[in-house]
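Working notes, structure below.
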Amino acid sequence: MDRRRFVVNLVSNFFSALSGVGISFFLTPYIVAHLGKEAYGFFPLSNNFVMYAGIITTALNSMSSRYITISLEKKDIREVNVYFNSILFGNMLISLGFIVLSALFCLFINNILEIPPRLFDDVRLLFVFILFSLIINVSSAVFSVAAFAVNRFDKLAYINIISNVVKLCAVAFLFYLFKPKIYFLGLVTVLTAIYMCVANYRLTKRLLPDVVIDRSLFSWSALSLIAGFGMWNSIIALSNVINTQLDLLIANHFFGASGMGFLSLTKFIPNAIYILLGIVVPIFLPEMLKAYAQEDLEKLKNTLNLSFKAIFMVVLLPLAVFFVYGGDFFRLWLPTQDSGALHLLSVITLLPFIVHGTVETVHHVFIITNKLRIASIWGIFIAVLNFVLVILLCRYSSLGIYAIPIAAAISGVFSHLTFTPIYAAHCLNEKRSYFFLKIIRGLTGFIFLIAVTYGWKRAELITVNSWFTFILNCICIGFILLIITLFMQFDLSTLSDGYKKMLKKIKL
């Protein structure tokens with residue numbers, strides 16, 4: 001792996017994720033204070049509906065990067081153009097269907113969701129804008145493949161950062177000049193979708209100048225090939241939606257807009273983690289695809305191992321701090337809400353990820369080796385199990401809103417400790433224990449970091465009573481955990497070589 005390109009991609013994508021999370025961090029308390037948690041809850045719910053629609057588009061777009069990247073690796077430009085145009089026009093056909101479905105949904109939205117009368121018109125407008133942005137994103141999805149194919153994730157990161165800055169400025173402008181409305185967030189989403197479409201198109205022309213948009217290059221056979229293999233990814237996407245994106249809809253049904261709004265506030269940290277993962281994890285996929293195309297399984301497994309270490313440092317390390325200091329975070333962030341309940345709900349929601357996050361990139365093994373059928377069937381089984389557990393606990397237990405993340409935690413941990421590591425090892429012709437050992441090592445390291453953080457908190461070296469002391473405290477304990485993590489994840493020779501290279505760079 002080109003380590004310089006990897007570092008550039010990782011750093012730029014980290015700041016891209018940070019900009020997106022930062023917007024939610026500043027906007028959420030402002031919206032809750034001005035519009036109430038009930039109104040705020042409909043914004044993440046509307047985004048969940050985008051995820052529902054993504055089940056259909058996943059069949060094409062999840063495999064587009066695979067086929068285009070492999071064709072580029074073979075230097076077959078005509079094949080690249082056939083795949084590119086087939087996916088582009090296929091997405092446009094799907095968008096036409098979404099236009100009809102979106103119109104019907106917005107027309108009968110009062111029959112689908114429980115919406116307080118005072119919010120009805122605003123919520124309907126919110127969904128109109130969000131679904132319109134979905135149509136734009138689906139139509140232009142293939143333009144983001146270029147950066148993936150040539151391993152220039154930093155270019156996508158720059159576009160995302162600019163998009164997030166535009167979003168923040170536009171929201172601030174609208175909320176300052178006009179009376180705050182929840183549908184302003186939908187309008188801004190449309191504006192950023194248009195910007196992303198134009199920016200990604202221009203990036204495609206720059207990175208892949210030989211790619212042209214030509215309807216004559218559209219191929220039903222190529223479209224069928226990609227959609228046929230991608231169909232299993234759609235099934236996996238369906239299972240993921242049931243597992244992680246139906247919670248607000250279920251909360252709206254069982255606990256009303258108020259319960260849904262409260263649960264939506266706990267999604268900030270999990271969503272921030274998944275945004276970060278969505279940027280960090282794909283960095284490794286091009287190298288893994290190339291290794292698989294070259295039949296170099298050793299290089300593939302080495303890249304996987306590097307990805308596990310990167311995820312531990314970038315994602316699990318800060319989560320260890322959140323598990324201990326999450327109550328203080330919510331107390332400062334949303335002072336009018338129950339910080340203890342928000343912290344507990346967030347921790348329960350994150351439990352499945354903590355188990356599987358140590359080997360998160362293992363899901364790419366199914367895509368790379370094109371062994372998605374069995375993984376998809378298992379995903380549907382877990383999704384059905386989760387859905388049944390949620391309904392039973394919501395209806396018959398006294399857990400209240402806690403029933404939703406508890407059911408997801410039970411089914412998620414069960415899946416991540418049984419099928420996923422075993423079948424991924426099978427796909428790589430490894431022993432069944434191959435990924436289990438890595439999960440155990442990752443969990444042991446994570447628990448140790450939590451213990452260190454808890455010991456730091458008990459020492460009360462810094463009293464957390466403001467954002468300044470909270471951030472100062474997190475920086476101090478974060479630095480300590482970083483040093484510990486470096487020694488846990490890398491051997492002394494690797495650390496020594498890295499230190500020498502860093503000194504050389506500084507001298508230069």
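Each chain in the structure tokens gets a letter, A, B and so on, in the order shown; residues start at 1 in every chain, and ligands are counted from 1 in the order they appear.
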
Go through range 93-251 of chain A and collect every residue that DSSP, computed from the backbone, puts in helix (DSSP H, G or I); the answer should be as an NGL selection string. :A and (93-107 or 109-111 or 117-139 or 141-149 or 153-177 or 183-207 or 215-217 or 220-244 or 247-251)

So that I can see what lies close to range 257-260 of chain A, please list as a short mmCIF file (atom, residue, chain, number, x, y, z; two decimals) with all heavy atoms, in the first residue's frame the residues with an atom at most 9 Å from it, counting only C-alpha atoms and leaving out residues fewer than 6 positions away in the same chain.
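Final output, around07.cif:
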```cif
data_model
loop_
_atom_site.label_atom_id
_atom_site.label_comp_id
_atom_site.auth_asym_id
_atom_site.auth_seq_id
_atom_site.Cartn_x
_atom_site.Cartn_y
_atom_site.Cartn_z
N LYS A 37 -37.68 18.97 20.63
CA LYS A 37 -37.15 17.67 20.22
C LYS A 37 -38.11 16.94 19.28
O LYS A 37 -37.68 16.12 18.46
CB LYS A 37 -36.85 16.81 21.45
CG LYS A 37 -38.08 16.43 22.28
CD LYS A 37 -37.69 15.62 23.50
CE LYS A 37 -38.93 15.27 24.35
NZ LYS A 37 -38.57 14.56 25.59
N GLU A 38 -39.43 17.22 19.39
CA GLU A 38 -40.39 16.56 18.51
C GLU A 38 -40.12 16.95 17.05
O GLU A 38 -40.09 16.09 16.16
CB GLU A 38 -41.83 16.93 18.89
CG GLU A 38 -42.29 16.40 20.23
CD GLU A 38 -41.89 17.30 21.38
OE1 GLU A 38 -41.23 18.34 21.11
OE2 GLU A 38 -42.20 16.97 22.55
N ALA A 39 -39.94 18.26 16.79
CA ALA A 39 -39.66 18.72 15.42
C ALA A 39 -38.31 18.20 14.94
O ALA A 39 -38.18 17.73 13.81
CB ALA A 39 -39.68 20.25 15.37
N GLY A 41 -36.78 15.50 15.72
CA GLY A 41 -36.83 14.07 15.46
C GLY A 41 -37.22 13.72 14.04
O GLY A 41 -36.82 12.66 13.51
N PHE A 42 -37.97 14.59 13.37
CA PHE A 42 -38.41 14.29 12.01
C PHE A 42 -37.28 14.47 10.99
O PHE A 42 -37.36 13.92 9.89
CB PHE A 42 -39.60 15.17 11.62
CG PHE A 42 -40.89 14.72 12.25
CD1 PHE A 42 -41.40 15.38 13.37
CD2 PHE A 42 -41.57 13.63 11.75
CE1 PHE A 42 -42.58 14.96 13.97
CE2 PHE A 42 -42.75 13.20 12.34
CZ PHE A 42 -43.26 13.86 13.45
N LEU A 45 -35.41 11.22 10.95
CA LEU A 45 -36.37 10.27 10.39
C LEU A 45 -36.45 10.41 8.87
O LEU A 45 -36.49 9.41 8.15
CB LEU A 45 -37.74 10.47 11.02
CG LEU A 45 -38.85 9.53 10.50
CD1 LEU A 45 -38.53 8.09 10.84
CD2 LEU A 45 -40.20 9.92 11.10
N GLU A 114 -47.11 9.71 12.58
CA GLU A 114 -47.83 10.49 13.59
C GLU A 114 -47.14 11.83 13.71
O GLU A 114 -46.02 11.94 14.23
CB GLU A 114 -47.82 9.77 14.94
CG GLU A 114 -48.56 10.53 16.03
CD GLU A 114 -48.46 9.87 17.39
OE1 GLU A 114 -48.54 8.63 17.46
OE2 GLU A 114 -48.27 10.59 18.38
N ILE A 115 -47.81 12.89 13.24
CA ILE A 115 -47.22 14.23 13.20
C ILE A 115 -48.11 15.19 13.98
O ILE A 115 -49.32 15.27 13.71
CB ILE A 115 -47.08 14.74 11.75
CG1 ILE A 115 -46.31 13.72 10.89
CG2 ILE A 115 -46.39 16.10 11.72
CD1 ILE A 115 -46.29 14.07 9.42
N PRO A 116 -47.56 15.91 14.95
CA PRO A 116 -48.35 16.92 15.66
C PRO A 116 -48.94 17.92 14.66
O PRO A 116 -48.23 18.35 13.73
CB PRO A 116 -47.34 17.59 16.59
CG PRO A 116 -46.26 16.56 16.78
CD PRO A 116 -46.18 15.82 15.49
N ASP A 247 -35.58 2.26 13.78
CA ASP A 247 -35.82 2.54 15.19
C ASP A 247 -36.68 3.79 15.40
O ASP A 247 -37.59 3.79 16.25
CB ASP A 247 -34.51 2.65 15.96
CG ASP A 247 -33.51 3.59 15.31
OD1 ASP A 247 -33.83 4.15 14.25
OD2 ASP A 247 -32.41 3.76 15.87
N LEU A 248 -36.41 4.86 14.64
CA LEU A 248 -37.18 6.09 14.82
C LEU A 248 -38.62 5.92 14.34
O LEU A 248 -39.56 6.47 14.94
CB LEU A 248 -36.53 7.26 14.08
CG LEU A 248 -35.14 7.68 14.59
CD1 LEU A 248 -34.63 8.87 13.78
CD2 LEU A 248 -35.19 8.02 16.08
N LEU A 249 -38.82 5.15 13.28
CA LEU A 249 -40.17 4.88 12.79
C LEU A 249 -40.96 4.08 13.81
O LEU A 249 -42.14 4.36 14.08
CB LEU A 249 -40.10 4.13 11.46
CG LEU A 249 -41.40 4.04 10.65
CD1 LEU A 249 -41.91 5.42 10.29
CD2 LEU A 249 -41.17 3.21 9.39
N ILE A 250 -40.31 3.08 14.42
CA ILE A 250 -40.96 2.26 15.46
C ILE A 250 -41.24 3.12 16.69
O ILE A 250 -42.31 3.02 17.31
CB ILE A 250 -40.06 1.05 15.82
CG1 ILE A 250 -39.99 0.10 14.62
CG2 ILE A 250 -40.60 0.32 17.04
CD1 ILE A 250 -38.97 -1.01 14.79
N ALA A 251 -40.28 3.99 17.05
CA ALA A 251 -40.48 4.87 18.20
C ALA A 251 -41.65 5.82 17.96
O ALA A 251 -42.44 6.09 18.87
CB ALA A 251 -39.20 5.66 18.48
N ILE A 401 -38.67 3.20 25.90
CA ILE A 401 -37.84 3.53 24.73
C ILE A 401 -36.55 2.72 24.70
O ILE A 401 -35.95 2.51 23.64
CB ILE A 401 -37.53 5.05 24.72
CG1 ILE A 401 -37.11 5.49 23.32
CG2 ILE A 401 -36.47 5.41 25.75
CD1 ILE A 401 -38.20 5.50 22.31
#
```

Would you pick out the contacts of Pro352 in chain A at 6 Å or less, using only C-alpha atoms, so that residues sharing its chain but fewer than 2 positions from it are not included, and give the list as a ChimeraX atom specification? /A:350,354-355,409,412-413

Could the residues in this selection be written to a file with N, CA, C and O atoms, as a PDB file, in the first residue's frame?
```pdb
ATOM      1  N   LEU A 350     -24.421   1.404  20.800  1.00  0.00           N
ATOM      2  CA  LEU A 350     -23.079   1.175  20.275  1.00  0.00           C
ATOM      3  C   LEU A 350     -22.515  -0.210  20.588  1.00  0.00           C
ATOM      4  O   LEU A 350     -21.485  -0.588  20.027  1.00  0.00           O
ATOM      5  N   ILE A 354     -19.154  -2.067  18.991  1.00  0.00           N
ATOM      6  CA  ILE A 354     -17.932  -2.290  19.767  1.00  0.00           C
ATOM      7  C   ILE A 354     -17.418  -3.703  19.534  1.00  0.00           C
ATOM      8  O   ILE A 354     -16.217  -3.941  19.419  1.00  0.00           O
ATOM      9  N   VAL A 355     -18.342  -4.654  19.438  1.00  0.00           N
ATOM     10  CA  VAL A 355     -17.943  -6.047  19.196  1.00  0.00           C
ATOM     11  C   VAL A 355     -17.369  -6.192  17.794  1.00  0.00           C
ATOM     12  O   VAL A 355     -16.319  -6.794  17.592  1.00  0.00           O
ATOM     13  N   ALA A 409     -29.117  -4.496  20.158  1.00  0.00           N
ATOM     14  CA  ALA A 409     -27.854  -4.948  20.753  1.00  0.00           C
ATOM     15  C   ALA A 409     -27.805  -6.474  20.833  1.00  0.00           C
ATOM     16  O   ALA A 409     -26.782  -7.093  20.520  1.00  0.00           O
ATOM     17  N   GLY A 412     -27.512  -7.857  17.208  1.00  0.00           N
ATOM     18  CA  GLY A 412     -26.256  -7.448  16.598  1.00  0.00           C
ATOM     19  C   GLY A 412     -25.049  -8.176  17.168  1.00  0.00           C
ATOM     20  O   GLY A 412     -24.207  -8.683  16.423  1.00  0.00           O
ATOM     21  N   VAL A 413     -24.972  -8.249  18.489  1.00  0.00           N
ATOM     22  CA  VAL A 413     -23.848  -8.950  19.133  1.00  0.00           C
ATOM     23  C   VAL A 413     -23.872 -10.424  18.761  1.00  0.00           C
ATOM     24  O   VAL A 413     -22.822 -11.035  18.487  1.00  0.00           O
TER      25      VAL A 413
END
```

One number please: CA of His416 in chain A to CA of Phe436 in chain A, in Å, one decimal. 9.7 Å

Contact residues around Lys299 in chain A with only C-alpha atoms at 12 Å, ignoring same-chain residues under 2 positions, as number ranges by chain: A: 1, 284, 287-297, 301-306, 428

Range 475-484 of chain A surroundings by only C-alpha atoms, 7 Å radius, close-in-sequence under 4 positions cut, as a PyMOL selection string: chain A and resi 317+449+453+471+488

Pull N, CA, C and O atoms from the residues just selected and write them as a CSV table (one decimal), in the first residue's frame.
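Output contents, as saved in again.csv:
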```csv
chain,number,residue,atom,x,y,z
A,317,LEU,N,-10.8,4.3,20.0
A,317,LEU,CA,-10.1,5.1,21.1
A,317,LEU,C,-11.0,6.2,21.6
A,317,LEU,O,-11.2,6.3,22.8
A,449,LEU,N,-8.6,0.3,27.6
A,449,LEU,CA,-8.7,1.7,27.4
A,449,LEU,C,-9.8,2.3,28.3
A,449,LEU,O,-9.6,3.4,28.9
A,453,THR,N,-9.3,5.1,31.3
A,453,THR,CA,-10.1,6.3,31.3
A,453,THR,C,-10.9,6.4,32.6
A,453,THR,O,-11.0,7.5,33.1
A,471,ILE,N,-13.1,19.6,27.1
A,471,ILE,CA,-12.2,19.4,25.9
A,471,ILE,C,-10.8,19.2,26.4
A,471,ILE,O,-10.0,18.3,25.9
A,488,MET,N,0.1,-1.0,21.7
A,488,MET,CA,-0.7,-2.2,21.6
A,488,MET,C,-0.8,-2.7,20.2
A,488,MET,O,-0.9,-3.9,19.9
```
